[in-house]
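Colleague: Just one file: protein.tsv, with TSV, C-alpha atoms (C1' of nucleotides).
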```tsv
chain	number	residue	atom	x	y	z
L	1	MET	CA	63.47	-57.66	-21.08
L	2	LEU	CA	67.18	-57.21	-21.15
L	3	LYS	CA	69.70	-59.98	-21.13
L	4	LEU	CA	73.45	-59.88	-21.24
L	5	SER	CA	75.13	-62.33	-23.60
L	6	LYS	CA	76.99	-65.33	-22.22
L	7	ARG	CA	80.18	-63.74	-23.45
L	8	VAL	CA	79.65	-60.73	-21.26
L	9	GLU	CA	78.63	-62.99	-18.42
L	10	TYR	CA	81.82	-65.02	-18.79
L	11	ALA	CA	83.83	-61.84	-18.94
L	12	LEU	CA	82.31	-60.62	-15.70
L	13	LEU	CA	82.85	-63.96	-13.99
L	14	SER	CA	86.49	-63.96	-15.08
L	15	ILE	CA	87.00	-60.43	-13.94
L	16	GLN	CA	85.37	-61.17	-10.66
L	17	VAL	CA	87.92	-63.88	-10.00
L	18	MET	CA	90.72	-61.52	-10.91
L	19	ALA	CA	89.32	-58.79	-8.70
L	20	LYS	CA	89.15	-61.19	-5.80
L	21	ASN	CA	92.71	-62.31	-6.36
L	22	PRO	CA	94.60	-59.17	-7.26
L	23	ASP	CA	98.00	-60.70	-6.61
L	24	THR	CA	97.79	-63.75	-8.80
L	25	VAL	CA	97.35	-64.45	-12.46
L	26	VAL	CA	94.22	-66.34	-13.41
L	27	SER	CA	94.27	-68.70	-16.36
L	28	ALA	CA	91.37	-69.31	-18.71
L	29	LYS	CA	91.36	-72.89	-17.49
L	30	ASP	CA	90.97	-71.72	-13.89
L	31	VAL	CA	87.85	-69.82	-14.79
L	32	ALA	CA	86.41	-72.53	-17.00
L	33	ASP	CA	86.89	-75.16	-14.30
L	34	ARG	CA	85.60	-73.02	-11.51
L	35	PHE	CA	82.33	-72.28	-13.27
L	36	ASN	CA	82.01	-75.39	-15.39
L	37	ILE	CA	81.93	-73.46	-18.62
L	38	SER	CA	83.59	-73.85	-22.00
L	39	PHE	CA	87.32	-73.31	-21.84
L	40	THR	CA	87.71	-72.16	-25.41
L	41	LEU	CA	84.93	-69.65	-25.10
L	42	VAL	CA	86.34	-68.19	-21.93
L	43	ALA	CA	89.73	-68.01	-23.57
L	44	LYS	CA	88.26	-66.09	-26.46
L	45	VAL	CA	86.42	-63.69	-24.22
L	46	LEU	CA	89.57	-63.04	-22.23
L	47	GLN	CA	91.40	-62.25	-25.43
L	48	GLN	CA	88.80	-59.63	-26.21
L	49	LEU	CA	89.35	-58.13	-22.80
L	50	VAL	CA	93.06	-57.99	-23.52
L	51	HIS	CA	92.43	-56.13	-26.77
L	52	ALA	CA	90.26	-53.66	-24.96
L	53	GLY	CA	92.98	-53.08	-22.39
L	54	VAL	CA	90.86	-54.27	-19.49
L	55	VAL	CA	93.12	-57.16	-18.56
L	56	ARG	CA	96.74	-58.02	-19.15
L	57	SER	CA	97.89	-61.41	-20.37
L	58	TYR	CA	100.94	-63.40	-19.40
L	59	ALA	CA	101.90	-66.19	-21.77
L	60	GLY	CA	103.83	-69.27	-20.84
L	61	VAL	CA	103.65	-72.01	-18.30
L	62	ARG	CA	102.48	-70.17	-15.24
L	63	GLY	CA	100.78	-67.49	-17.24
L	64	GLY	CA	97.25	-66.25	-17.29
L	65	TYR	CA	95.43	-62.96	-16.93
L	66	ALA	CA	95.18	-60.16	-14.43
L	67	LEU	CA	93.35	-56.87	-14.35
L	68	ALA	CA	95.21	-54.13	-16.17
L	69	LYS	CA	93.84	-51.48	-13.82
L	70	HIS	CA	92.38	-51.33	-10.36
L	71	ALA	CA	88.97	-52.95	-10.23
L	72	GLU	CA	87.44	-49.63	-9.20
L	73	LEU	CA	88.56	-48.13	-12.47
L	74	VAL	CA	86.87	-50.70	-14.67
L	75	SER	CA	83.15	-50.21	-15.18
L	76	ILE	CA	80.57	-52.70	-16.34
L	77	ALA	CA	80.18	-50.50	-19.39
L	78	ASP	CA	83.87	-51.01	-20.18
L	79	VAL	CA	83.41	-54.75	-20.09
L	80	ILE	CA	80.28	-54.76	-22.21
L	81	GLU	CA	81.90	-52.50	-24.73
L	82	ALA	CA	85.00	-54.69	-24.82
L	83	ILE	CA	82.91	-57.71	-25.69
L	84	GLU	CA	80.10	-56.35	-27.82
L	85	GLY	CA	81.78	-53.40	-29.40
L	86	SER	CA	80.73	-49.81	-29.06
L	87	GLY	CA	78.63	-49.58	-32.17
L	88	SER	CA	75.27	-50.67	-30.87
L	89	ARG	CA	72.57	-48.20	-30.14
L	90	LEU	CA	69.16	-48.79	-28.66
L	91	VAL	CA	67.50	-48.36	-32.02
L	92	GLU	CA	69.44	-48.57	-35.21
L	93	CYS	CA	68.47	-46.64	-38.25
L	94	GLN	CA	66.91	-49.11	-40.63
L	95	GLU	CA	68.50	-48.13	-43.91
L	96	GLU	CA	71.72	-46.43	-43.15
L	97	HIS	CA	73.59	-48.25	-45.88
L	98	ASP	CA	72.46	-46.18	-48.82
L	99	HIS	CA	70.10	-43.31	-48.34
L	100	ALA	CA	70.15	-42.71	-44.62
L	101	CYS	CA	66.51	-43.46	-43.97
L	102	THR	CA	65.16	-40.20	-45.26
L	103	ALA	CA	62.97	-42.10	-47.70
L	104	HIS	CA	60.25	-42.77	-45.20
L	105	THR	CA	59.30	-40.77	-42.18
L	106	SER	CA	61.13	-43.45	-40.29
L	107	CYS	CA	63.47	-43.11	-37.36
L	108	THR	CA	61.26	-40.57	-35.71
L	109	ILE	CA	61.71	-42.46	-32.50
L	110	LYS	CA	65.46	-42.51	-32.75
L	111	GLU	CA	66.08	-39.16	-31.19
L	112	PRO	CA	64.06	-39.60	-28.00
L	113	LEU	CA	65.49	-43.06	-27.56
L	114	GLN	CA	68.99	-41.66	-27.76
L	115	VAL	CA	68.32	-39.94	-24.46
L	116	LEU	CA	67.30	-43.24	-22.98
L	117	HIS	CA	70.34	-44.95	-24.42
L	118	ASP	CA	72.66	-42.45	-22.83
L	119	ARG	CA	71.02	-42.93	-19.48
L	120	ILE	CA	71.43	-46.66	-19.68
L	121	VAL	CA	75.04	-46.45	-20.72
L	122	SER	CA	75.75	-44.19	-17.79
L	123	THR	CA	74.01	-46.66	-15.53
L	124	PHE	CA	76.40	-49.33	-16.73
L	125	ALA	CA	79.25	-46.91	-16.34
L	126	SER	CA	78.25	-46.16	-12.78
L	127	MET	CA	79.09	-49.61	-11.48
L	128	SER	CA	82.65	-50.84	-11.29
L	129	VAL	CA	83.68	-54.45	-11.39
L	130	ALA	CA	84.98	-54.04	-7.86
L	131	GLU	CA	81.37	-54.31	-6.79
L	132	LEU	CA	81.22	-57.76	-8.28
L	133	ALA	CA	83.96	-58.94	-6.01
L	134	GLY	CA	82.28	-57.66	-2.89
L	135	PRO	CA	84.08	-56.11	0.08
L	136	GLN	CA	87.75	-56.98	0.02
L	137	LEU	CA	90.26	-57.18	2.84
L	138	VAL	CA	92.18	-53.95	3.10
L	139	GLN	CA	95.59	-54.29	1.52
L	140	ILE	CA	98.42	-53.43	3.84
L	141	THR	CA	100.17	-51.83	0.93
L	142	GLY	CA	97.01	-50.14	-0.26
L	143	HIS	CA	95.82	-46.67	0.55
L	144	VAL	CA	92.51	-45.00	1.14
L	145	THR	CA	91.60	-41.96	-0.87
P	1	MET	CA	75.99	-52.77	-26.56
P	2	LEU	CA	72.28	-52.79	-26.15
P	3	LYS	CA	69.83	-53.11	-28.95
P	4	LEU	CA	66.08	-53.22	-28.91
P	5	SER	CA	64.47	-55.87	-31.10
P	6	LYS	CA	62.67	-54.87	-34.26
P	7	ARG	CA	59.46	-55.94	-32.62
P	8	VAL	CA	59.92	-53.39	-29.87
P	9	GLU	CA	60.95	-50.83	-32.42
P	10	TYR	CA	57.81	-51.47	-34.46
P	11	ALA	CA	55.74	-51.28	-31.31
P	12	LEU	CA	57.22	-47.90	-30.45
P	13	LEU	CA	56.73	-46.60	-33.96
P	14	SER	CA	53.10	-47.72	-33.91
P	15	ILE	CA	52.50	-46.18	-30.54
P	16	GLN	CA	54.12	-42.99	-31.64
P	17	VAL	CA	51.61	-42.67	-34.45
P	18	MET	CA	48.76	-43.32	-32.06
P	19	ALA	CA	50.09	-40.81	-29.58
P	20	LYS	CA	50.28	-38.19	-32.29
P	21	ASN	CA	46.75	-38.93	-33.41
P	22	PRO	CA	44.80	-39.49	-30.22
P	23	ASP	CA	41.44	-39.07	-31.86
P	24	THR	CA	41.72	-41.58	-34.66
P	25	VAL	CA	42.23	-45.29	-34.92
P	26	VAL	CA	45.39	-46.40	-36.63
P	27	SER	CA	45.42	-49.62	-38.61
P	28	ALA	CA	48.36	-51.99	-38.90
P	29	LYS	CA	48.43	-51.20	-42.59
P	30	ASP	CA	48.75	-47.48	-41.86
P	31	VAL	CA	51.84	-48.12	-39.79
P	32	ALA	CA	53.36	-50.62	-42.21
P	33	ASP	CA	52.89	-48.26	-45.14
P	34	ARG	CA	54.11	-45.22	-43.29
P	35	PHE	CA	57.40	-46.84	-42.30
P	36	ASN	CA	57.77	-49.32	-45.15
P	37	ILE	CA	57.84	-52.30	-42.87
P	38	SER	CA	56.21	-55.71	-42.89
P	39	PHE	CA	52.46	-55.53	-42.44
P	40	THR	CA	52.11	-58.95	-40.87
P	41	LEU	CA	54.85	-58.30	-38.36
P	42	VAL	CA	53.39	-54.99	-37.31
P	43	ALA	CA	50.01	-56.66	-36.99
P	44	LYS	CA	51.48	-59.27	-34.72
P	45	VAL	CA	53.25	-56.75	-32.58
P	46	LEU	CA	50.07	-54.74	-32.24
P	47	GLN	CA	48.25	-57.84	-31.10
P	48	GLN	CA	50.81	-58.27	-28.36
P	49	LEU	CA	50.19	-54.72	-27.27
P	50	VAL	CA	46.48	-55.46	-27.13
P	51	HIS	CA	47.11	-58.45	-24.89
P	52	ALA	CA	49.21	-56.34	-22.60
P	53	GLY	CA	46.45	-53.76	-22.38
P	54	VAL	CA	48.56	-51.01	-23.87
P	55	VAL	CA	46.36	-50.44	-26.90
P	56	ARG	CA	42.76	-51.19	-27.75
P	57	SER	CA	41.72	-52.81	-31.00
P	58	TYR	CA	38.71	-52.13	-33.17
P	59	ALA	CA	37.89	-54.82	-35.71
P	60	GLY	CA	36.06	-54.30	-38.94
P	61	VAL	CA	36.21	-52.06	-41.92
P	62	ARG	CA	37.23	-48.78	-40.38
P	63	GLY	CA	38.93	-50.46	-37.49
P	64	GLY	CA	42.44	-50.28	-36.13
P	65	TYR	CA	44.16	-49.54	-32.88
P	66	ALA	CA	44.32	-46.72	-30.38
P	67	LEU	CA	46.09	-46.25	-27.09
P	68	ALA	CA	44.19	-47.75	-24.18
P	69	LYS	CA	45.48	-45.10	-21.79
P	70	HIS	CA	46.91	-41.62	-22.04
P	71	ALA	CA	50.36	-41.65	-23.58
P	72	GLU	CA	51.79	-40.22	-20.38
P	73	LEU	CA	50.67	-43.32	-18.54
P	74	VAL	CA	52.46	-45.78	-20.80
P	75	SER	CA	56.17	-46.18	-20.19
P	76	ILE	CA	58.81	-47.60	-22.47
P	77	ALA	CA	59.17	-50.38	-19.92
P	78	ASP	CA	55.51	-51.26	-20.41
P	79	VAL	CA	56.04	-51.58	-24.12
P	80	ILE	CA	59.19	-53.65	-23.84
P	81	GLU	CA	57.55	-55.92	-21.33
P	82	ALA	CA	54.48	-56.29	-23.54
P	83	ILE	CA	56.65	-57.49	-26.39
P	84	GLU	CA	59.46	-59.40	-24.76
P	85	GLY	CA	57.74	-60.62	-21.65
P	86	SER	CA	58.73	-59.85	-18.12
P	87	GLY	CA	60.85	-62.91	-17.46
P	88	SER	CA	64.24	-61.70	-18.61
P	89	ARG	CA	66.90	-60.66	-16.20
P	90	LEU	CA	70.29	-59.17	-16.91
P	91	VAL	CA	72.01	-62.43	-16.09
P	92	GLU	CA	70.12	-65.67	-15.95
P	93	CYS	CA	71.12	-68.43	-13.63
P	94	GLN	CA	72.73	-71.05	-15.80
P	95	GLU	CA	71.20	-74.22	-14.41
P	96	GLU	CA	67.94	-73.31	-12.85
P	97	HIS	CA	66.12	-76.29	-14.31
P	98	ASP	CA	67.27	-78.91	-11.84
P	99	HIS	CA	69.57	-78.03	-9.01
P	100	ALA	CA	69.46	-74.27	-8.88
P	101	CYS	CA	73.10	-73.64	-9.72
P	102	THR	CA	74.52	-74.56	-6.36
P	103	ALA	CA	76.70	-77.17	-8.00
P	104	HIS	CA	79.44	-74.74	-8.90
P	105	THR	CA	80.33	-71.51	-7.29
P	106	SER	CA	78.50	-69.97	-10.21
P	107	CYS	CA	76.12	-67.05	-10.23
P	108	THR	CA	78.26	-65.08	-7.86
P	109	ILE	CA	77.77	-62.11	-10.11
P	110	LYS	CA	74.04	-62.44	-10.14
P	111	GLU	CA	73.34	-60.50	-7.01
P	112	PRO	CA	75.31	-57.34	-7.80
P	113	LEU	CA	73.90	-57.36	-11.30
P	114	GLN	CA	70.40	-57.45	-9.94
P	115	VAL	CA	70.97	-53.97	-8.61
P	116	LEU	CA	72.02	-52.86	-12.05
P	117	HIS	CA	69.03	-54.56	-13.61
P	118	ASP	CA	66.63	-52.72	-11.35
P	119	ARG	CA	68.23	-49.42	-12.20
P	120	ILE	CA	67.89	-50.07	-15.89
P	121	VAL	CA	64.29	-51.14	-15.62
P	122	SER	CA	63.50	-47.98	-13.75
P	123	THR	CA	65.25	-46.00	-16.43
P	124	PHE	CA	62.93	-47.54	-18.99
P	125	ALA	CA	60.02	-46.92	-16.70
P	126	SER	CA	60.96	-43.27	-16.35
P	127	MET	CA	60.18	-42.39	-19.93
P	128	SER	CA	56.64	-42.38	-21.26
P	129	VAL	CA	55.68	-42.92	-24.85
P	130	ALA	CA	54.34	-39.38	-24.86
P	131	GLU	CA	57.95	-38.30	-25.18
P	132	LEU	CA	58.17	-40.20	-28.45
P	133	ALA	CA	55.43	-38.09	-29.92
P	134	GLY	CA	57.07	-34.84	-29.00
P	135	PRO	CA	55.23	-31.71	-27.88
P	136	GLN	CA	51.57	-31.88	-28.89
P	137	LEU	CA	49.13	-29.10	-29.58
P	138	VAL	CA	47.01	-28.43	-26.59
P	139	GLN	CA	43.59	-29.98	-27.02
P	140	ILE	CA	40.71	-27.58	-26.67
P	141	THR	CA	38.83	-30.26	-24.83
P	142	GLY	CA	41.87	-31.22	-22.81
P	143	HIS	CA	42.92	-29.92	-19.46
P	144	VAL	CA	46.14	-29.01	-17.76
P	145	THR	CA	47.02	-30.59	-14.47
O	1	DC	C1'	22.65	-59.78	-47.65
O	2	DG	C1'	27.35	-59.88	-49.10
O	3	DA	C1'	31.61	-57.77	-50.42
O	4	DA	C1'	35.38	-55.31	-48.61
O	5	DT	C1'	38.47	-54.26	-44.93
O	6	DA	C1'	39.95	-54.96	-40.52
O	7	DT	C1'	41.82	-57.77	-36.48
O	8	DA	C1'	43.17	-62.65	-34.36
O	9	DC	C1'	46.09	-66.26	-34.26
O	10	DG	C1'	48.63	-70.40	-35.00
O	11	DA	C1'	51.97	-72.84	-37.85
O	12	DC	C1'	55.55	-72.37	-40.56
O	13	DT	C1'	60.24	-70.95	-42.94
O	14	DA	C1'	64.22	-67.94	-43.36
O	15	DA	C1'	67.73	-65.06	-41.68
O	16	DT	C1'	70.67	-63.53	-38.26
O	17	DT	C1'	73.04	-63.81	-34.10
O	18	DT	C1'	75.20	-66.18	-30.55
O	19	DA	C1'	77.43	-70.22	-28.67
O	20	DG	C1'	80.75	-73.30	-28.96
O	21	DT	C1'	84.54	-76.30	-31.30
O	22	DC	C1'	88.87	-77.33	-33.60
O	23	DC	C1'	93.32	-76.72	-35.16
O	24	DT	C1'	97.65	-74.41	-35.47
O	25	DC	C1'	101.00	-71.29	-33.86
O	26	DG	C1'	103.94	-68.43	-30.57
O	27	DT	C1'	105.68	-67.90	-25.71
O	28	DT	C1'	107.46	-69.00	-21.32
O	29	DT	C1'	109.18	-71.79	-17.70
O	30	DA	C1'	111.24	-75.60	-15.49
B	1	DT	C1'	112.93	-79.52	-25.03
B	2	DA	C1'	108.50	-80.72	-23.26
B	3	DA	C1'	104.56	-79.10	-20.91
B	4	DA	C1'	101.41	-75.34	-19.89
B	5	DC	C1'	99.86	-71.32	-21.24
B	6	DG	C1'	97.91	-67.42	-24.53
B	7	DA	C1'	96.63	-65.87	-29.73
B	8	DG	C1'	93.79	-66.35	-33.27
B	9	DG	C1'	91.41	-67.94	-37.49
B	10	DA	C1'	88.01	-70.99	-39.57
B	11	DC	C1'	84.46	-73.54	-38.81
B	12	DT	C1'	79.76	-75.87	-37.12
B	13	DA	C1'	75.76	-75.90	-34.17
B	14	DA	C1'	72.24	-73.99	-31.59
B	15	DA	C1'	69.17	-70.47	-30.43
B	16	DT	C1'	66.84	-66.43	-31.28
B	17	DT	C1'	64.61	-63.22	-34.11
B	18	DA	C1'	62.44	-61.81	-38.33
B	19	DG	C1'	59.18	-62.53	-41.43
B	20	DT	C1'	55.44	-65.34	-44.14
B	21	DC	C1'	51.10	-67.79	-44.96
B	22	DG	C1'	46.63	-69.39	-44.33
B	23	DT	C1'	42.45	-69.19	-42.24
B	24	DA	C1'	38.91	-67.52	-39.11
B	25	DT	C1'	36.16	-63.74	-37.24
B	26	DA	C1'	34.30	-59.07	-36.65
B	27	DT	C1'	32.46	-54.66	-38.68
B	28	DT	C1'	31.01	-51.41	-41.95
B	29	DC	C1'	28.62	-49.95	-45.89
B	30	DG	C1'	26.28	-50.19	-50.20
```
The structure given in the file should be rewritten as structure tokens.
Modeller:
Amino acid sequence: MLKLSKRVEYALLSIQVMAKNPDTVVSAKDVADRFNISFTLVAKVLQQLVHAGVVRSYAGVRGGYALAKHAELVSIADVIEAIEGSGSRLVECQEEHDHACTAHTSCTIKEPLQVLHDRIVSTFASMSVAELAGPQLVQITGHVT
Amino acid sequence: MLKLSKRVEYALLSIQVMAKNPDTVVSAKDVADRFNISFTLVAKVLQQLVHAGVVRSYAGVRGGYALAKHAELVSIADVIEAIEGSGSRLVECQEEHDHACTAHTSCTIKEPLQVLHDRIVSTFASMSVAELAGPQLVQITGHVT
DNA sequence: CGAATATACGACTAATTTAGTCCTCGTTTA
DNA sequence: TAAACGAGGACTAAATTAGTCGTATATTCG
């Protein structure tokens, strides 16, 4: 009914590791080994997360990746958008290239589905990746809002 | 970020026509012509809807399809499930064939995402196909609840 | 009856998307 | 300067989705 791509899944797994280990950098190899998944794919996915500003990268020997913001500030929607791009709607107009689908009575379902789309996006936006990591030990240096 | 398949789209378009014309049967050809889409595909999709009990079919010369229930009683979730099946989760366990993914620490994101999945399903369930048809004229023979 | 117009359905091919690999380059650290 | 890392492009493979074809069956109507 609704499946996330492996790329998004790998992104979430990677981020989960980072969220659980806020004080260390995590390399693509770490993630790939830990979950027995393709190193190169994970590496690619992590690069997309860098582009989107979700994680920071550190090159070099003891390099790797770490979250660019607090886990609470990164939503699942952010991650999905980082990987899949922001351009996808629930229903795409089926002739937007030339004559924006005015030819046929088409796309009459587009408008009501937009409402649905927005609701779903906000559902994704309502969960932060911190929730993937589960309850964390309170940081001594941290603070409660 | 989240796209419905053409099959679901065609299903919704077909249902929309039926919801707008509750007193007539709509043939696959009607729908295909109206939206300039593949007749055989629409026919197939409609057959899936029949199997799922969403629409009723009438064979023969002046045959076609009509909603099996009131449009208000059919949700978008029903339609998606009729077409895509009910088996898909947001994140699938990546080794459920043999040794249910206990080998690696994998699937640690599955549980939190289940929550998200349920929310999204209920979002789809919250909208009926009647909303695709827009406000209808009140039927003389109808009644208000 | 029988021709025309529907649905029913399985097998098939084509197109698109997603997954995954490979190779080369730049960076950092010890 | 060598080893361990990220960056990124070009590519192949696999899986999914879209779409076709052929044939069988039901119904209406002249």
Colleague: Can you show chain L as a short mmCIF file (atom, residue, chain, number, x, y, z; two decimals) with C-alpha atoms, keeping the file's coordinate frame once it has been least-squares superposed onto chain P, using every C-alpha atom paired in order?
Modeller:
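And here's result11.cif as it stands now:
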```
data_model
loop_
_atom_site.label_atom_id
_atom_site.label_comp_id
_atom_site.auth_asym_id
_atom_site.auth_seq_id
_atom_site.Cartn_x
_atom_site.Cartn_y
_atom_site.Cartn_z
CA MET L 1 76.06 -52.62 -26.57
CA LEU L 2 72.35 -52.68 -26.18
CA LYS L 3 69.88 -53.03 -28.98
CA LEU L 4 66.13 -53.18 -28.93
CA SER L 5 64.52 -55.84 -31.10
CA LYS L 6 62.71 -54.86 -34.28
CA ARG L 7 59.50 -55.93 -32.61
CA VAL L 8 59.95 -53.38 -29.88
CA GLU L 9 60.98 -50.83 -32.46
CA TYR L 10 57.83 -51.49 -34.48
CA ALA L 11 55.77 -51.27 -31.34
CA LEU L 12 57.23 -47.89 -30.50
CA LEU L 13 56.73 -46.61 -34.04
CA SER L 14 53.10 -47.74 -33.97
CA ILE L 15 52.51 -46.18 -30.61
CA GLN L 16 54.12 -42.99 -31.72
CA VAL L 17 51.62 -42.70 -34.54
CA MET L 18 48.78 -43.36 -32.13
CA ALA L 19 50.11 -40.81 -29.67
CA LYS L 20 50.29 -38.22 -32.40
CA ASN L 21 46.76 -38.96 -33.51
CA PRO L 22 44.82 -39.50 -30.32
CA ASP L 23 41.44 -39.08 -31.98
CA THR L 24 41.73 -41.63 -34.73
CA VAL L 25 42.23 -45.34 -34.97
CA VAL L 26 45.40 -46.47 -36.67
CA SER L 27 45.43 -49.69 -38.65
CA ALA L 28 48.37 -52.06 -38.92
CA LYS L 29 48.44 -51.28 -42.62
CA ASP L 30 48.76 -47.56 -41.89
CA VAL L 31 51.86 -48.18 -39.84
CA ALA L 32 53.37 -50.69 -42.24
CA ASP L 33 52.91 -48.33 -45.18
CA ARG L 34 54.13 -45.29 -43.38
CA PHE L 35 57.41 -46.90 -42.37
CA ASN L 36 57.81 -49.38 -45.19
CA ILE L 37 57.89 -52.35 -42.88
CA SER L 38 56.27 -55.77 -42.88
CA PHE L 39 52.53 -55.60 -42.43
CA THR L 40 52.16 -59.01 -40.86
CA LEU L 41 54.88 -58.35 -38.36
CA VAL L 42 53.41 -55.05 -37.32
CA ALA L 43 50.04 -56.70 -37.01
CA LYS L 44 51.50 -59.31 -34.72
CA VAL L 45 53.27 -56.77 -32.58
CA LEU L 46 50.09 -54.76 -32.24
CA GLN L 47 48.28 -57.86 -31.09
CA GLN L 48 50.83 -58.28 -28.35
CA LEU L 49 50.22 -54.72 -27.29
CA VAL L 50 46.51 -55.47 -27.13
CA HIS L 51 47.14 -58.46 -24.87
CA ALA L 52 49.24 -56.33 -22.61
CA GLY L 53 46.49 -53.75 -22.39
CA VAL L 54 48.60 -50.99 -23.89
CA VAL L 55 46.38 -50.45 -26.91
CA ARG L 56 42.79 -51.19 -27.76
CA SER L 57 41.72 -52.83 -30.99
CA TYR L 58 38.69 -52.15 -33.14
CA ALA L 59 37.82 -54.85 -35.64
CA GLY L 60 35.94 -54.33 -38.84
CA VAL L 61 36.14 -52.14 -41.87
CA ARG L 62 37.24 -48.86 -40.40
CA GLY L 63 38.91 -50.50 -37.46
CA GLY L 64 42.42 -50.35 -36.16
CA TYR L 65 44.17 -49.57 -32.91
CA ALA L 66 44.34 -46.74 -30.43
CA LEU L 67 46.10 -46.24 -27.14
CA ALA L 68 44.21 -47.73 -24.24
CA LYS L 69 45.50 -45.06 -21.87
CA HIS L 70 46.92 -41.59 -22.12
CA ALA L 71 50.36 -41.61 -23.68
CA GLU L 72 51.81 -40.16 -20.48
CA LEU L 73 50.70 -43.24 -18.62
CA VAL L 74 52.46 -45.72 -20.87
CA SER L 75 56.18 -46.11 -20.25
CA ILE L 76 58.82 -47.53 -22.53
CA ALA L 77 59.20 -50.29 -19.97
CA ASP L 78 55.53 -51.18 -20.45
CA VAL L 79 56.06 -51.54 -24.16
CA ILE L 80 59.21 -53.61 -23.85
CA GLU L 81 57.58 -55.85 -21.33
CA ALA L 82 54.52 -56.25 -23.55
CA ILE L 83 56.68 -57.46 -26.40
CA GLU L 84 59.48 -59.37 -24.74
CA GLY L 85 57.77 -60.60 -21.65
CA SER L 86 58.74 -59.81 -18.11
CA GLY L 87 60.87 -62.84 -17.47
CA SER L 88 64.24 -61.64 -18.65
CA ARG L 89 66.88 -60.57 -16.24
CA LEU L 90 70.28 -59.13 -16.94
CA VAL L 91 71.97 -62.39 -16.07
CA GLU L 92 70.07 -65.61 -15.93
CA CYS L 93 71.04 -68.38 -13.62
CA GLN L 94 72.67 -71.02 -15.75
CA GLU L 95 71.10 -74.18 -14.41
CA GLU L 96 67.84 -73.26 -12.87
CA HIS L 97 66.03 -76.21 -14.38
CA ASP L 98 67.16 -78.86 -11.95
CA HIS L 99 69.45 -78.01 -9.11
CA ALA L 100 69.35 -74.24 -8.97
CA CYS L 101 73.00 -73.64 -9.73
CA THR L 102 74.30 -74.50 -6.32
CA ALA L 103 76.55 -77.13 -7.86
CA HIS L 104 79.26 -74.69 -8.78
CA THR L 105 80.13 -71.44 -7.15
CA SER L 106 78.34 -69.92 -10.08
CA CYS L 107 75.96 -67.00 -10.14
CA THR L 108 78.10 -65.02 -7.78
CA ILE L 109 77.65 -62.07 -10.06
CA LYS L 110 73.91 -62.37 -10.14
CA GLU L 111 73.20 -60.43 -7.02
CA PRO L 112 75.20 -57.29 -7.81
CA LEU L 113 73.83 -57.29 -11.32
CA GLN L 114 70.31 -57.37 -9.97
CA VAL L 115 70.91 -53.87 -8.66
CA LEU L 116 71.97 -52.79 -12.10
CA HIS L 117 68.98 -54.47 -13.67
CA ASP L 118 66.60 -52.62 -11.43
CA ARG L 119 68.21 -49.33 -12.28
CA ILE L 120 67.88 -49.99 -15.97
CA VAL L 121 64.27 -51.04 -15.70
CA SER L 122 63.49 -47.87 -13.82
CA THR L 123 65.25 -45.91 -16.52
CA PHE L 124 62.93 -47.45 -19.07
CA ALA L 125 60.03 -46.81 -16.76
CA SER L 126 60.97 -43.17 -16.44
CA MET L 127 60.18 -42.31 -20.04
CA SER L 128 56.65 -42.32 -21.34
CA VAL L 129 55.69 -42.88 -24.93
CA ALA L 130 54.34 -39.34 -24.98
CA GLU L 131 57.95 -38.26 -25.31
CA LEU L 132 58.18 -40.16 -28.55
CA ALA L 133 55.44 -38.09 -30.05
CA GLY L 134 57.06 -34.81 -29.13
CA PRO L 135 55.20 -31.70 -27.99
CA GLN L 136 51.54 -31.91 -28.91
CA LEU L 137 49.01 -29.17 -29.50
CA VAL L 138 47.02 -28.55 -26.36
CA GLN L 139 43.64 -30.20 -26.57
CA ILE L 140 40.77 -27.83 -26.05
CA THR L 141 39.02 -30.55 -24.13
CA GLY L 142 42.16 -31.48 -22.26
CA HIS L 143 43.27 -30.24 -18.89
CA VAL L 144 46.54 -29.40 -17.24
CA THR L 145 47.41 -31.02 -13.97
#
```
Colleague: Here is a test: counting all atoms listed in the file, which residue of P:Ala59, P:Ala125, P:Ile76, P:Ala52 is nearest to DA6 of chain O?
Modeller: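 The shortest atom-to-atom distance to DA6 of chain O comes from P:Ala59.
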Colleague: What residues in chain P have any atom no more than 12 Å from chain B when counting only C-alpha atoms (C1' of nucleotides), and can you write them as a list of chain:residue names?
Modeller: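 My answer is P:Leu4, P:Ser5, P:Lys6, P:Arg7, P:Val8, P:Tyr10, P:Ile37, P:Ser38, P:Phe39, P:Thr40, P:Leu41, P:Val42, P:Ala43, P:Lys44, P:Val45, P:Ser57, P:Tyr58, P:Ala59, P:Gly60, P:Val61, P:Arg62, P:Gly63, P:Gly64, P:Glu84.
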Colleague: Taking only C-alpha atoms (C1' of nucleotides) into account, find every residue of chain O that has an atom no more than 10 Å from chain P, and write it out as a list in words.
Modeller: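 Going by the stated atoms only, the list reads DA4, DT5, DA6, DT7, DA8 and DC9 of chain O.
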Colleague: Could you list, as a PDB file with C-alpha atoms, keeping the file's coordinate frame, every residue within 8 Å of Leu113 of chain P, counting all atoms listed in the file and ignoring same-chain residues fewer than 2 positions away?
Modeller:
```pdb
ATOM      1  CA  LEU L 132      81.220 -57.760  -8.280  1.00  0.00           C
TER       2      LEU L 132
ATOM      3  CA  LEU P  90      70.290 -59.170 -16.910  1.00  0.00           C
ATOM      4  CA  VAL P  91      72.010 -62.430 -16.090  1.00  0.00           C
ATOM      5  CA  ILE P 109      77.770 -62.110 -10.110  1.00  0.00           C
ATOM      6  CA  LYS P 110      74.040 -62.440 -10.140  1.00  0.00           C
ATOM      7  CA  GLU P 111      73.340 -60.500  -7.010  1.00  0.00           C
ATOM      8  CA  VAL P 115      70.970 -53.970  -8.610  1.00  0.00           C
ATOM      9  CA  LEU P 116      72.020 -52.860 -12.050  1.00  0.00           C
ATOM     10  CA  HIS P 117      69.030 -54.560 -13.610  1.00  0.00           C
TER      11      HIS P 117
END
```
